[in-house]
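Coordinates as given in query_26.txt (compact mmCIF, C-alpha atoms):
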# COMPACT_ATOMS: atom_id res chain seq x y z
CA MET A 1 -8.71 4.86 7.60
CA MET A 2 -7.74 7.98 9.56
CA VAL A 3 -4.02 7.17 9.71
CA LEU A 4 -3.13 8.72 6.35
CA PRO A 5 -4.79 12.11 7.01
CA LEU A 6 -2.99 12.29 10.34
CA LEU A 7 0.34 11.73 8.56
CA LEU A 8 -0.41 14.44 6.02
CA THR A 9 -0.90 17.03 8.73
CA VAL A 10 2.72 16.73 9.84
CA LEU A 11 4.31 16.66 6.40
CA PRO A 12 5.57 19.84 4.73
CA ALA A 13 3.43 21.89 2.38
CA TRP A 14 4.95 20.43 -0.77
CA THR A 15 3.71 16.96 0.28
CA GLN A 16 0.17 17.90 1.32
CA ASP A 17 -1.34 16.77 -1.99
CA PRO A 18 -1.91 12.98 -1.80
CA ALA A 19 -1.39 12.72 -5.55
CA ARG A 20 2.11 14.19 -5.17
CA LEU A 21 2.88 11.92 -2.23
CA ILE A 22 2.75 8.88 -4.46
CA GLU A 23 4.07 10.51 -7.61
CA GLY A 24 6.09 7.93 -9.53
CA ILE A 25 4.61 5.09 -7.47
CA GLU A 26 1.90 2.99 -9.05
CA PRO A 27 -0.92 2.67 -6.48
CA VAL A 28 -2.02 -0.86 -5.73
CA GLU A 29 -5.72 -1.30 -6.47
CA GLY A 30 -7.59 -1.89 -3.27
CA ALA A 31 -4.51 -1.14 -1.21
CA SER A 32 -5.00 -0.82 2.52
CA ALA A 33 -4.41 2.40 4.42
CA ALA A 34 -1.11 0.93 5.69
CA VAL A 35 0.16 0.41 2.13
CA VAL A 36 -0.83 3.93 1.09
CA LEU A 37 0.81 5.26 4.24
CA HIS A 38 4.03 3.43 3.36
CA GLN A 39 3.94 4.86 -0.16
CA ALA A 40 3.38 8.34 1.25
CA GLN A 41 6.30 8.01 3.64
CA ALA A 42 8.64 6.74 0.94
CA ALA A 43 7.70 9.59 -1.37
CA ALA A 44 8.09 12.17 1.42
CA PHE A 45 11.55 10.86 2.35
CA GLY A 46 12.59 10.98 -1.30
CA GLU A 47 11.36 14.55 -1.70
CA ALA A 48 13.22 15.67 1.43
CA ALA A 49 16.43 14.09 0.14
CA LYS A 50 16.01 15.76 -3.27
CA HIS A 51 15.99 19.17 -1.59
CA VAL A 52 19.42 18.64 -0.04
CA ALA A 53 21.11 16.26 -2.50
CA PRO A 54 22.59 19.01 -4.74
CA SER A 55 24.57 20.23 -1.70
CA VAL A 56 25.89 16.80 -0.69
CA VAL A 57 29.36 16.07 -2.09
CA ARG A 58 31.60 13.05 -2.40
CA ILE A 59 35.11 13.29 -0.90
CA GLU A 60 37.92 11.09 -2.21
CA THR A 61 41.30 10.95 -0.50
CA VAL A 62 44.61 9.35 -1.46
CA GLY A 63 47.48 8.32 0.79
CA GLY A 64 48.09 8.71 4.49
CA THR A 65 48.57 6.24 7.32
CA GLN A 66 46.46 4.59 9.96
CA PRO A 67 45.87 6.80 13.04
CA VAL A 68 47.43 5.64 16.30
CA GLU A 69 45.40 6.04 19.44
CA PRO A 70 47.01 6.99 22.77
CA GLY A 71 48.93 3.99 24.03
CA GLY A 72 48.24 2.04 20.85
CA GLN A 73 50.60 0.40 18.41
CA PRO A 74 51.06 1.77 14.86
CA ASP A 75 50.21 -1.62 13.36
CA LYS A 76 47.26 -2.32 15.68
CA PRO A 77 44.79 0.58 15.65
CA ARG A 78 41.42 0.00 17.29
CA PHE A 79 39.63 0.66 14.00
CA ILE A 80 41.07 0.24 10.51
CA VAL A 81 40.32 3.44 8.59
CA ALA A 82 39.74 2.75 4.92
CA GLU A 83 40.81 5.02 2.08
CA GLY A 84 37.35 4.87 0.49
CA PRO A 85 35.12 7.81 -0.42
CA THR A 86 33.27 9.76 2.25
CA THR A 87 30.81 12.66 2.36
CA GLY A 88 30.77 16.42 2.78
CA LEU A 89 28.23 19.25 2.64
CA VAL A 90 28.38 22.60 0.87
CA TYR A 91 28.66 25.30 3.54
CA SER A 92 28.96 28.41 1.38
CA ALA A 93 28.32 29.24 -2.26
CA ASP A 94 31.95 30.31 -2.77
CA GLY A 95 33.44 26.87 -2.22
CA LEU A 96 33.55 26.09 1.50
CA ILE A 97 32.77 22.43 2.19
CA LEU A 98 31.98 21.17 5.69
CA ALA A 99 32.98 17.61 6.56
CA SER A 100 33.99 15.41 9.50
CA THR A 101 37.52 15.24 10.86
CA PHE A 102 37.15 11.46 10.63
CA ASN A 103 37.41 11.78 6.86
CA PHE A 104 41.01 12.98 7.23
CA VAL A 105 42.46 11.07 10.19
CA ARG A 106 44.79 9.28 7.75
CA GLU A 107 46.34 12.67 6.84
CA PRO A 108 45.82 12.10 3.08
CA VAL A 109 48.23 13.59 0.57
CA SER A 110 45.43 14.64 -1.79
CA ILE A 111 41.73 15.43 -1.44
CA THR A 112 39.19 15.60 -4.25
CA VAL A 113 35.62 16.87 -3.96
CA ILE A 114 33.05 15.64 -6.48
CA LEU A 115 29.90 17.74 -6.67
CA ALA A 116 26.42 16.36 -7.27
CA ASP A 117 26.74 17.38 -10.94
CA ASP A 118 29.94 15.28 -11.23
CA ARG A 119 32.34 18.23 -11.41
CA ARG A 120 35.64 17.42 -9.69
CA PHE A 121 37.82 19.83 -7.70
CA VAL A 122 41.09 19.52 -5.84
CA ALA A 123 40.34 20.56 -2.26
CA GLU A 124 42.42 22.23 0.43
CA LEU A 125 41.88 21.19 4.03
CA LEU A 126 41.70 24.57 5.76
CA ALA A 127 41.30 23.58 9.41
CA ARG A 128 39.69 21.18 11.88
CA ASP A 129 37.61 21.48 15.01
CA GLU A 130 38.90 18.58 17.09
CA VAL A 131 36.20 19.09 19.74
CA ARG A 132 33.13 18.96 17.49
CA ARG A 133 34.91 16.74 14.92
CA LEU A 134 34.31 19.20 12.07
CA ALA A 135 36.61 19.96 9.15
CA MET A 136 36.45 22.73 6.55
CA LEU A 137 37.60 22.30 2.95
CA LYS A 138 37.94 24.89 0.20
CA ILE A 139 37.47 24.32 -3.51
CA ASP A 140 37.77 26.80 -6.38
CA ALA A 141 34.09 27.01 -7.24
CA ALA A 142 31.27 29.54 -7.16
CA ASP A 143 27.48 29.61 -7.03
CA LEU A 144 27.26 26.32 -5.16
CA PRO A 145 23.86 25.28 -3.75
CA VAL A 146 23.74 25.94 -0.01
CA PRO A 147 21.20 23.94 2.01
CA ALA A 148 18.85 25.42 4.59
CA TRP A 149 19.72 24.62 8.21
CA VAL A 150 17.44 24.34 11.22
CA GLU A 151 19.06 27.17 13.15
CA SER A 152 16.92 27.22 16.29
CA PRO A 153 17.40 24.37 18.78
CA ALA A 154 13.75 24.80 19.76
CA GLU A 155 12.71 23.48 16.35
CA ILE A 156 14.45 20.12 16.88
CA ARG A 157 12.35 17.65 18.86
CA VAL A 158 12.88 14.13 20.08
CA GLY A 159 10.83 11.73 17.97
CA GLN A 160 10.82 13.70 14.72
CA TRP A 161 11.99 12.10 11.48
CA ALA A 162 15.73 12.25 10.82
CA LEU A 163 17.26 11.22 7.48
CA ALA A 164 21.01 10.66 7.04
CA LEU A 165 22.38 11.35 3.54
CA GLY A 166 25.74 10.32 2.13
CA ARG A 167 27.70 10.02 -1.11
CA GLY A 168 30.25 7.46 0.03
CA PHE A 169 28.82 4.83 -2.30
CA ALA A 170 28.75 4.66 -6.09
CA GLY A 171 25.76 5.91 -8.05
CA PRO A 172 24.07 9.20 -8.91
CA ASP A 173 21.84 9.31 -5.82
CA CYS A 174 22.62 9.89 -2.17
CA SER A 175 22.41 6.97 0.20
CA LEU A 176 19.56 7.43 2.65
CA GLY A 177 19.18 6.19 6.20
CA VAL A 178 15.89 6.77 8.01
CA GLY A 179 15.40 7.21 11.74
CA ILE A 180 14.31 9.70 14.34
CA VAL A 181 15.94 12.26 16.59
CA SER A 182 16.45 10.12 19.69
CA GLY A 183 18.14 12.65 21.98
CA LEU A 184 19.05 16.32 22.36
CA ASN A 185 22.13 17.99 23.88
CA ARG A 186 24.08 14.75 23.82
CA MET A 187 27.85 14.46 24.27
CA SER A 188 27.96 17.37 26.72
CA GLY A 189 25.64 19.44 24.55
CA LEU A 190 27.70 19.12 21.37
CA ALA A 191 25.30 16.97 19.35
CA ILE A 192 21.85 15.60 18.73
CA GLN A 193 21.47 11.83 18.73
CA THR A 194 19.74 9.75 16.08
CA ASP A 195 18.99 6.10 15.49
CA ALA A 196 19.41 6.58 11.73
CA ARG A 197 22.29 4.30 10.84
CA LEU A 198 25.56 6.17 10.27
CA SER A 199 28.81 4.79 8.89
CA PRO A 200 32.18 6.10 7.70
CA ALA A 201 30.63 6.44 4.24
CA ASN A 202 28.23 9.15 5.38
CA PHE A 203 30.24 10.80 8.15
CA GLY A 204 30.43 14.43 7.07
CA GLY A 205 27.02 14.26 5.44
CA PRO A 206 23.82 15.94 6.64
CA LEU A 207 21.13 14.69 8.95
CA ILE A 208 17.95 16.31 7.62
CA ASP A 209 14.31 16.68 8.62
CA ILE A 210 11.22 15.77 6.61
CA ARG A 211 11.19 19.28 5.11
CA GLY A 212 14.65 18.90 3.63
CA ARG A 213 16.41 21.14 6.16
CA VAL A 214 19.75 20.23 7.76
CA LEU A 215 19.45 19.25 11.42
CA GLY A 216 23.19 18.68 11.81
CA LEU A 217 26.37 17.27 10.33
CA CYS A 218 26.94 13.55 10.99
CA VAL A 219 30.18 12.84 12.89
CA PRO A 220 31.48 10.07 15.17
CA LEU A 221 31.62 11.13 18.82
CA GLY A 222 32.77 8.94 21.69
CA LEU A 223 33.43 8.96 25.40
CA ASP A 224 37.15 9.73 25.08
CA ASP A 225 39.26 12.21 23.14
CA ALA A 226 40.83 9.82 20.63
CA PRO A 227 40.59 11.07 17.00
CA ILE A 228 38.31 8.19 15.98
CA ALA A 229 36.39 7.76 19.23
CA GLY A 230 32.79 6.80 18.54
CA VAL A 231 33.38 5.22 15.14
CA GLU A 232 32.97 1.78 16.70
CA TRP A 233 29.24 2.57 17.06
CA TYR A 234 28.68 2.90 13.32
CA ASP A 235 25.53 1.24 11.95
CA SER A 236 24.45 0.52 15.55
CA GLY A 237 21.59 2.99 15.83
CA ILE A 238 23.73 5.25 18.04
CA GLY A 239 24.74 8.20 15.91
CA PHE A 240 25.43 11.88 16.41
CA ALA A 241 25.09 15.05 14.37
CA VAL A 242 26.46 18.50 15.22
CA PRO A 243 23.62 21.06 15.00
CA TYR A 244 23.81 24.58 13.60
CA VAL A 245 24.22 26.21 17.01
CA GLN A 246 27.49 24.30 17.46
CA VAL A 247 28.65 24.50 13.82
CA SER A 248 28.29 28.29 13.90
CA ARG A 249 30.62 28.51 16.90
CA SER A 250 33.57 27.18 14.94
CA ALA A 251 32.82 27.72 11.22
CA THR A 252 34.25 31.25 11.12
CA ASP A 253 37.54 30.09 12.66
CA LEU A 254 37.72 27.07 10.36
CA ALA A 255 37.07 29.18 7.26
CA VAL A 256 40.17 31.29 7.96
CA GLY A 257 42.37 28.29 8.66
CA HIS A 258 42.26 28.33 12.45
CA THR A 259 42.25 24.78 13.85
CA LEU A 260 40.41 24.39 17.16
CA ARG A 261 41.80 21.97 19.72
CA ARG A 262 40.56 20.79 23.07
CA GLY A 263 41.72 23.08 25.86
CA MET A 264 43.53 21.93 29.01
CA PHE A 265 44.15 23.39 32.46
CA GLY A 266 47.20 21.33 33.43
CA LEU A 267 45.65 19.98 36.64
CA GLU A 268 45.67 16.69 38.49
CA LEU A 269 42.43 16.15 40.34
CA ASP A 270 41.02 13.99 43.10
CA ALA A 271 37.78 12.94 41.42
CA GLN A 272 35.89 11.25 44.24
CA PRO A 273 32.22 10.68 43.40
CA GLY A 274 29.68 12.94 45.07
CA ARG A 275 31.99 15.86 45.82
CA PRO A 276 33.57 18.73 43.86
CA PRO A 277 36.92 17.86 42.27
CA ARG A 278 39.90 18.83 44.43
CA ILE A 279 43.26 19.86 42.99
CA ILE A 280 46.05 17.51 44.07
CA GLY A 281 48.74 18.60 41.63
CA LEU A 282 49.70 21.15 38.99
CA ARG A 283 51.70 20.88 35.80
CA ASP A 284 54.56 23.31 35.27
CA PRO A 285 54.19 25.23 33.05
CA SER A 286 50.43 25.26 32.79
CA PRO A 287 47.47 27.66 32.69
CA ALA A 288 46.48 26.48 36.16
CA LYS A 289 49.86 27.41 37.66
CA ARG A 290 49.87 30.80 35.93
CA ALA A 291 46.39 31.50 37.35
CA ASP A 292 47.60 30.73 40.91
CA LEU A 293 45.54 27.60 41.41
CA ARG A 294 46.89 25.52 44.29
CA PRO A 295 46.73 21.95 45.61
CA GLY A 296 43.81 21.66 47.98
CA ASP A 297 41.55 24.04 46.03
CA GLU A 298 38.08 22.66 45.28
CA ILE A 299 36.49 23.60 41.95
CA ILE A 300 32.85 24.45 42.71
CA ALA A 301 31.94 26.23 39.46
CA ALA A 302 33.31 26.53 35.93
CA ALA A 303 32.17 28.81 33.11
CA ASP A 304 29.45 30.12 35.44
CA GLN A 305 27.97 26.64 35.92
CA PRO A 306 27.96 24.76 39.25
CA VAL A 307 30.34 21.83 39.63
CA ALA A 308 29.26 19.13 42.07
CA SER A 309 31.45 16.35 40.68
CA PHE A 310 34.28 15.60 38.30
CA ALA A 311 31.68 14.49 35.74
CA ASP A 312 30.14 17.98 35.86
CA LEU A 313 33.52 19.56 35.19
CA ARG A 314 34.18 17.31 32.18
CA ARG A 315 30.73 18.01 30.76
CA ILE A 316 31.11 21.77 31.10
CA LEU A 317 34.60 21.89 29.62
CA ARG A 318 34.10 19.46 26.74
CA GLY A 319 33.02 22.17 24.32
CA HIS A 320 35.82 24.59 25.24
CA THR A 321 38.87 24.96 23.03
CA ALA A 322 42.45 26.07 23.62
CA GLY A 323 42.73 29.84 23.82
CA GLN A 324 39.40 30.35 25.58
CA TRP A 325 39.15 32.01 28.98
CA VAL A 326 37.27 29.98 31.60
CA PRO A 327 36.29 31.46 34.97
CA LEU A 328 36.72 28.98 37.82
CA ARG A 329 35.07 29.38 41.20
CA LEU A 330 37.27 27.85 43.89
CA ARG A 331 36.92 27.00 47.58
CA ARG A 332 40.25 27.45 49.38
CA GLU A 333 40.49 26.90 53.14
CA GLY A 334 36.81 27.78 53.57
CA ALA A 335 36.92 30.95 51.45
CA GLU A 336 35.59 31.25 47.90
CA MET A 337 37.37 33.04 45.08
CA THR A 338 37.32 33.27 41.28
CA ARG A 339 40.25 32.73 38.93
CA GLU A 340 40.30 33.27 35.17
CA VAL A 341 42.18 30.52 33.33
CA ILE A 342 43.07 30.49 29.64
CA LEU A 343 43.09 26.96 28.25
CA ALA A 344 46.17 25.57 26.49
CA VAL A 345 47.05 22.80 24.04
CA PRO A 346 48.88 19.68 25.33
CA GLU A 347 52.23 20.84 23.94
CA ASP A 348 52.10 23.83 26.30
CA ILE A 349 51.56 21.69 29.39
CA GLY A 350 54.65 20.67 31.35
CA PRO A 351 55.34 17.77 33.73
CA PRO A 352 53.89 17.61 37.25
CA ALA A 353 55.22 20.38 39.45
CA ALA A 354 55.36 18.06 42.45
CA THR A 355 54.60 14.46 43.33
CA ALA A 356 50.86 13.96 43.76
CA PRO A 357 48.71 10.95 44.64
CA ALA A 358 47.66 8.95 41.61
CA GLU A 359 43.92 9.08 42.36
CA ASP A 360 42.21 9.22 38.96
CA PRO A 361 44.49 11.98 37.62
CA SER A 362 43.11 14.18 34.88
CA THR A 363 44.63 16.97 32.82
CA ARG A 364 41.23 18.56 32.30

How would this structure read if it were set down as structure tokens?
Amino acid sequence: MMVLPLLLTVLPAWTQDPARLIEGIEPVEGASAAVVLHQAQAAAFGEAAKHVAPSVVRIETVGGTQPVEPGGQPDKPRFIVAEGPTTGLVYSADGLILASTFNFVREPVSITVILADDRRFVAELLARDEVRRLAMLKIDAADLPVPAWVESPAEIRVGQWALALGRGFAGPDCSLGVGIVSGLNRMSGLAIQTDARLSPANFGGPLIDIRGRVLGLCVPLGLDDAPIAGVEWYDSGIGFAVPYVQVSRSATDLAVGHTLRRGMFGLELDAQPGRPPRIIGLRDPSPAKRADLRPGDEIIAAADQPVASFADLRRILRGHTAGQWVPLRLRREGAEMTREVILAVPEDIGPPAATAPAEDPSTR
């Protein structure tokens, strides 16, 4: 009979009263502690969702075409992206709405945001963060309810409750998926991982804690750079949410219409396991060529972090966007040196400057 008191000690203050925990639920006479515990959990989840629900919006899009992945065929995408409603989250009281880039991979011709109170607004897609898979919309509204975020990474712990909210389905209430935080600093530090079931209907919605605070924004993230990478894991128990520390790094740019894209060096690398990546070719033009990187150079550190393998380099650079300066520590003919390289978008990268061996080439 001690299970219920133990649960109450970890629930927020507004659920400490057992009578409130089962408000609206008719207790079963003679119910076991397990039944009462289940009632308490259900009520606590519902209360947490109520705190955030006014800030969760429905996004409807019209038009657009199926995205084509690199090397794919226009009529055979890996995943058929539906035109159905998706989810967003109020980011500021003056009409900024945060969502997932997945919601707009079809390049829709019109976007409508429906607030929790059923008001409808035509939305403008301001910009996207193609690295963190975030998108920022703007609607002509004021005094919108802004949810509280968990801003400190130290407050997010593996094993804590995690609830995924969405408005991609019909009805006045948010959909609710229940799970836990199953991993931290996933996808090269860009996201937290949850086993709460995520789907295209709640991409762009919040992952919240038991106190009704936003842990992160739910987005699909995968192992490659394709626009819809990771969506194939939907409803699998492998889901990701971008936490505040990452959202805050791009929100200011997105709010002023600055799209963030993955940055590139313009290098071809020998990526043998167990050793630092070695440059075997340069693109021309490219940031690498302008920074005087040369074939034969080994990259032993990037962004002030040691690089022992190609996997290290990819992990370090995954969160960097075009336009950012990245210091590289190189080993050249036994001597070490540092070069500052400004990352570029793919359109600014030229063809190979010279023929190079085709050993796992990478433009990272």

Residue contacts of range 310-312 of chain A (7 Å, all atoms listed in the file) excluding same-chain residues fewer than 6 positions away, as a list in words: Ala271, Pro276 and Pro277 of chain A

Write the selection just made, keeping C-alpha atoms, as a PDB file, in the frame of the given file?
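The result, written out as selection-v1.pdb:
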ATOM      1  CA  ALA A 271      37.780  12.940  41.420  1.00  0.00           C
ATOM      2  CA  PRO A 276      33.570  18.730  43.860  1.00  0.00           C
ATOM      3  CA  PRO A 277      36.920  17.860  42.270  1.00  0.00           C
TER       4      PRO A 277
END

Within-8 Å shell of (38.7, 7.0, 15.3) in input frame, all atoms listed in the file, as a CSV table (one decimal) with C-alpha atoms, in the coordinates of the input:
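What follows is the written file selection-v5.csv:
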chain,number,residue,atom,x,y,z
A,67,PRO,CA,45.9,6.8,13.0
A,69,GLU,CA,45.4,6.0,19.4
A,78,ARG,CA,41.4,0.0,17.3
A,79,PHE,CA,39.6,0.7,14.0
A,81,VAL,CA,40.3,3.4,8.6
A,102,PHE,CA,37.2,11.5,10.6
A,105,VAL,CA,42.5,11.1,10.2
A,220,PRO,CA,31.5,10.1,15.2
A,226,ALA,CA,40.8,9.8,20.6
A,227,PRO,CA,40.6,11.1,17.0
A,228,ILE,CA,38.3,8.2,16.0
A,229,ALA,CA,36.4,7.8,19.2
A,230,GLY,CA,32.8,6.8,18.5
A,231,VAL,CA,33.4,5.2,15.1
A,232,GLU,CA,33.0,1.8,16.7

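We find CA of Gly205 in chain A and CA of Ala164 in chain A to be spaced 7.2 Å apart.
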
Nearest to Ser199 in chain A by atom-to-atom distance, counting all atoms listed in the file, from A:Gly64, A:Gly84, A:Pro287, A:Gly263: A:Gly84

One-decimal distance in Å that lies between CA of Gln305 in chain A and CA of Gly281 in chain A: 23.0 Å

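When CA of Val146 in chain A is paired with CA of Arg213 in chain A, their separation reads 10.7 Å.
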
Counting all atoms listed in the file, the option among A:Ala127, A:Ile156, A:Val36, A:Cys218 closest to His258 in chain A: A:Ala127

Close residues, Arg283 in chain A itself excluded, 10 Å, all atoms listed in the file, min 4 positions apart in chain, as JSON, numbers by chain: {"A": [265, 266, 267, 268, 287, 288, 289, 348, 349, 350, 351, 352, 353, 354, 363]}

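Minimum distance to Asp225 in chain A across A:Val345, A:Leu98, A:Val131, A:Ala301 (counting all atoms listed in the file) occurs at A:Val131.
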
Point (28.1, 5.3, 8.0) neighbourhood (9 Å, only C-alpha atoms) written as a PyMOL selection string: chain A and resi 86+164+166+168+197-203+218+231+234-235

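If only C-alpha atoms are the atoms counted, then among A:Val122, A:Val214, A:Ile299, A:Leu317 the closest residue to Ala48 in chain A is A:Val214.
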
Closest pair table for range 204-276 of chain A residues within 10 Å of range 50-54 of chain A, all atoms listed in the file, as JSON lines:
{"residue": "A:Pro206", "atom": "CA", "partner": "A:Val52", "partner_atom": "CA", "distance": 8.4}
{"residue": "A:Leu207", "atom": "CA", "partner": "A:Val52", "partner_atom": "CA", "distance": 10.0}
{"residue": "A:Ile208", "atom": "CA", "partner": "A:Val52", "partner_atom": "CA", "distance": 8.1}
{"residue": "A:Arg211", "atom": "CA", "partner": "A:His51", "partner_atom": "CA", "distance": 8.2}
{"residue": "A:Gly212", "atom": "CA", "partner": "A:His51", "partner_atom": "CA", "distance": 5.4}
{"residue": "A:Arg213", "atom": "CA", "partner": "A:Val52", "partner_atom": "CA", "distance": 7.3}
{"residue": "A:Val214", "atom": "CA", "partner": "A:Val52", "partner_atom": "CA", "distance": 8.0}

Polymer residues at most 8 Å from Leu343 in chain A, all atoms listed in the file, same-chain spacing of 4 or more positions, as a PyMOL selection string: chain A and resi 263-265+287+321-326

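Of the residues under consideration (A:Gly216, A:Pro85, A:Pro108, A:Gly319), A:Gly319 shows the shortest atom-to-atom contact distance to Leu190 in chain A when counting all atoms listed in the file.
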
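Ranking A:Glu340, A:Arg318, A:Ile210, A:Arg278 by their shortest atom-to-atom distance to Asp304 in chain A, with all atoms listed in the file included, puts A:Glu340 first.
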
Residue neighbourhood range 240-250 of chain A, 9 Å, all atoms listed in the file, exclusion window fewer than 3 positions, as an NGL selection string: :A and (129 or 132-134 or 149-153 or 186-187 or 189-195 or 198 or 206-207 or 214-221 or 253-255 or 260)

Please supply range 225-246 of chain A, rebuilt with N, CA and C atoms, as a PDB file, keeping the file's coordinate frame.
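Final output, part.pdb:
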ATOM      1  N   ASP A 225      38.798  11.166  24.038  1.00  0.00           N
ATOM      2  CA  ASP A 225      39.260  12.210  23.140  1.00  0.00           C
ATOM      3  C   ASP A 225      40.035  11.689  21.940  1.00  0.00           C
ATOM      4  N   ALA A 226      40.083  10.375  21.750  1.00  0.00           N
ATOM      5  CA  ALA A 226      40.830   9.820  20.630  1.00  0.00           C
ATOM      6  C   ALA A 226      40.243  10.317  19.301  1.00  0.00           C
ATOM      7  N   PRO A 227      41.067  10.499  18.266  1.00  0.00           N
ATOM      8  CA  PRO A 227      40.590  11.070  17.000  1.00  0.00           C
ATOM      9  C   PRO A 227      39.461  10.288  16.347  1.00  0.00           C
ATOM     10  N   ILE A 228      39.383   8.970  16.597  1.00  0.00           N
ATOM     11  CA  ILE A 228      38.310   8.190  15.980  1.00  0.00           C
ATOM     12  C   ILE A 228      37.352   7.628  17.013  1.00  0.00           C
ATOM     13  N   ALA A 229      37.319   8.224  18.194  1.00  0.00           N
ATOM     14  CA  ALA A 229      36.390   7.760  19.230  1.00  0.00           C
ATOM     15  C   ALA A 229      34.958   7.857  18.726  1.00  0.00           C
ATOM     16  N   GLY A 230      34.183   6.826  18.946  1.00  0.00           N
ATOM     17  CA  GLY A 230      32.790   6.800  18.540  1.00  0.00           C
ATOM     18  C   GLY A 230      32.540   6.069  17.239  1.00  0.00           C
ATOM     19  N   VAL A 231      33.594   5.882  16.422  1.00  0.00           N
ATOM     20  CA  VAL A 231      33.380   5.220  15.140  1.00  0.00           C
ATOM     21  C   VAL A 231      32.982   3.765  15.316  1.00  0.00           C
ATOM     22  N   GLU A 232      33.315   3.184  16.463  1.00  0.00           N
ATOM     23  CA  GLU A 232      32.970   1.780  16.700  1.00  0.00           C
ATOM     24  C   GLU A 232      31.451   1.591  16.818  1.00  0.00           C
ATOM     25  N   TRP A 233      30.694   2.673  16.960  1.00  0.00           N
ATOM     26  CA  TRP A 233      29.240   2.570  17.060  1.00  0.00           C
ATOM     27  C   TRP A 233      28.555   2.647  15.691  1.00  0.00           C
ATOM     28  N   TYR A 234      29.322   2.691  14.612  1.00  0.00           N
ATOM     29  CA  TYR A 234      28.680   2.900  13.320  1.00  0.00           C
ATOM     30  C   TYR A 234      27.697   1.775  13.009  1.00  0.00           C
ATOM     31  N   ASP A 235      26.612   2.163  12.334  1.00  0.00           N
ATOM     32  CA  ASP A 235      25.530   1.240  11.950  1.00  0.00           C
ATOM     33  C   ASP A 235      24.868   0.568  13.149  1.00  0.00           C
ATOM     34  N   SER A 236      24.999   1.146  14.342  1.00  0.00           N
ATOM     35  CA  SER A 236      24.450   0.520  15.550  1.00  0.00           C
ATOM     36  C   SER A 236      23.125   1.133  15.969  1.00  0.00           C
ATOM     37  N   GLY A 237      22.758   2.260  15.352  1.00  0.00           N
ATOM     38  CA  GLY A 237      21.590   2.990  15.830  1.00  0.00           C
ATOM     39  C   GLY A 237      21.954   4.008  16.891  1.00  0.00           C
ATOM     40  N   ILE A 238      23.241   4.188  17.144  1.00  0.00           N
ATOM     41  CA  ILE A 238      23.730   5.250  18.040  1.00  0.00           C
ATOM     42  C   ILE A 238      24.590   6.175  17.183  1.00  0.00           C
ATOM     43  N   GLY A 239      24.020   7.272  16.777  1.00  0.00           N
ATOM     44  CA  GLY A 239      24.740   8.200  15.910  1.00  0.00           C
ATOM     45  C   GLY A 239      24.553   9.623  16.379  1.00  0.00           C
ATOM     46  N   PHE A 240      25.451  10.493  15.949  1.00  0.00           N
ATOM     47  CA  PHE A 240      25.430  11.880  16.410  1.00  0.00           C
ATOM     48  C   PHE A 240      25.599  12.839  15.235  1.00  0.00           C
ATOM     49  N   ALA A 241      24.970  13.996  15.371  1.00  0.00           N
ATOM     50  CA  ALA A 241      25.090  15.050  14.370  1.00  0.00           C
ATOM     51  C   ALA A 241      25.249  16.385  15.087  1.00  0.00           C
ATOM     52  N   VAL A 242      26.178  17.199  14.602  1.00  0.00           N
ATOM     53  CA  VAL A 242      26.460  18.500  15.220  1.00  0.00           C
ATOM     54  C   VAL A 242      25.488  19.518  14.656  1.00  0.00           C
ATOM     55  N   PRO A 243      24.637  20.129  15.496  1.00  0.00           N
ATOM     56  CA  PRO A 243      23.620  21.060  15.000  1.00  0.00           C
ATOM     57  C   PRO A 243      24.204  22.430  14.669  1.00  0.00           C
ATOM     58  N   TYR A 244      23.369  23.265  14.065  1.00  0.00           N
ATOM     59  CA  TYR A 244      23.810  24.580  13.600  1.00  0.00           C
ATOM     60  C   TYR A 244      24.380  25.424  14.737  1.00  0.00           C
ATOM     61  N   VAL A 245      23.760  25.361  15.912  1.00  0.00           N
ATOM     62  CA  VAL A 245      24.220  26.210  17.010  1.00  0.00           C
ATOM     63  C   VAL A 245      25.666  25.903  17.378  1.00  0.00           C
ATOM     64  N   GLN A 246      26.103  24.667  17.193  1.00  0.00           N
ATOM     65  CA  GLN A 246      27.490  24.300  17.460  1.00  0.00           C
ATOM     66  C   GLN A 246      28.373  24.555  16.237  1.00  0.00           C
TER      67      GLN A 246
END
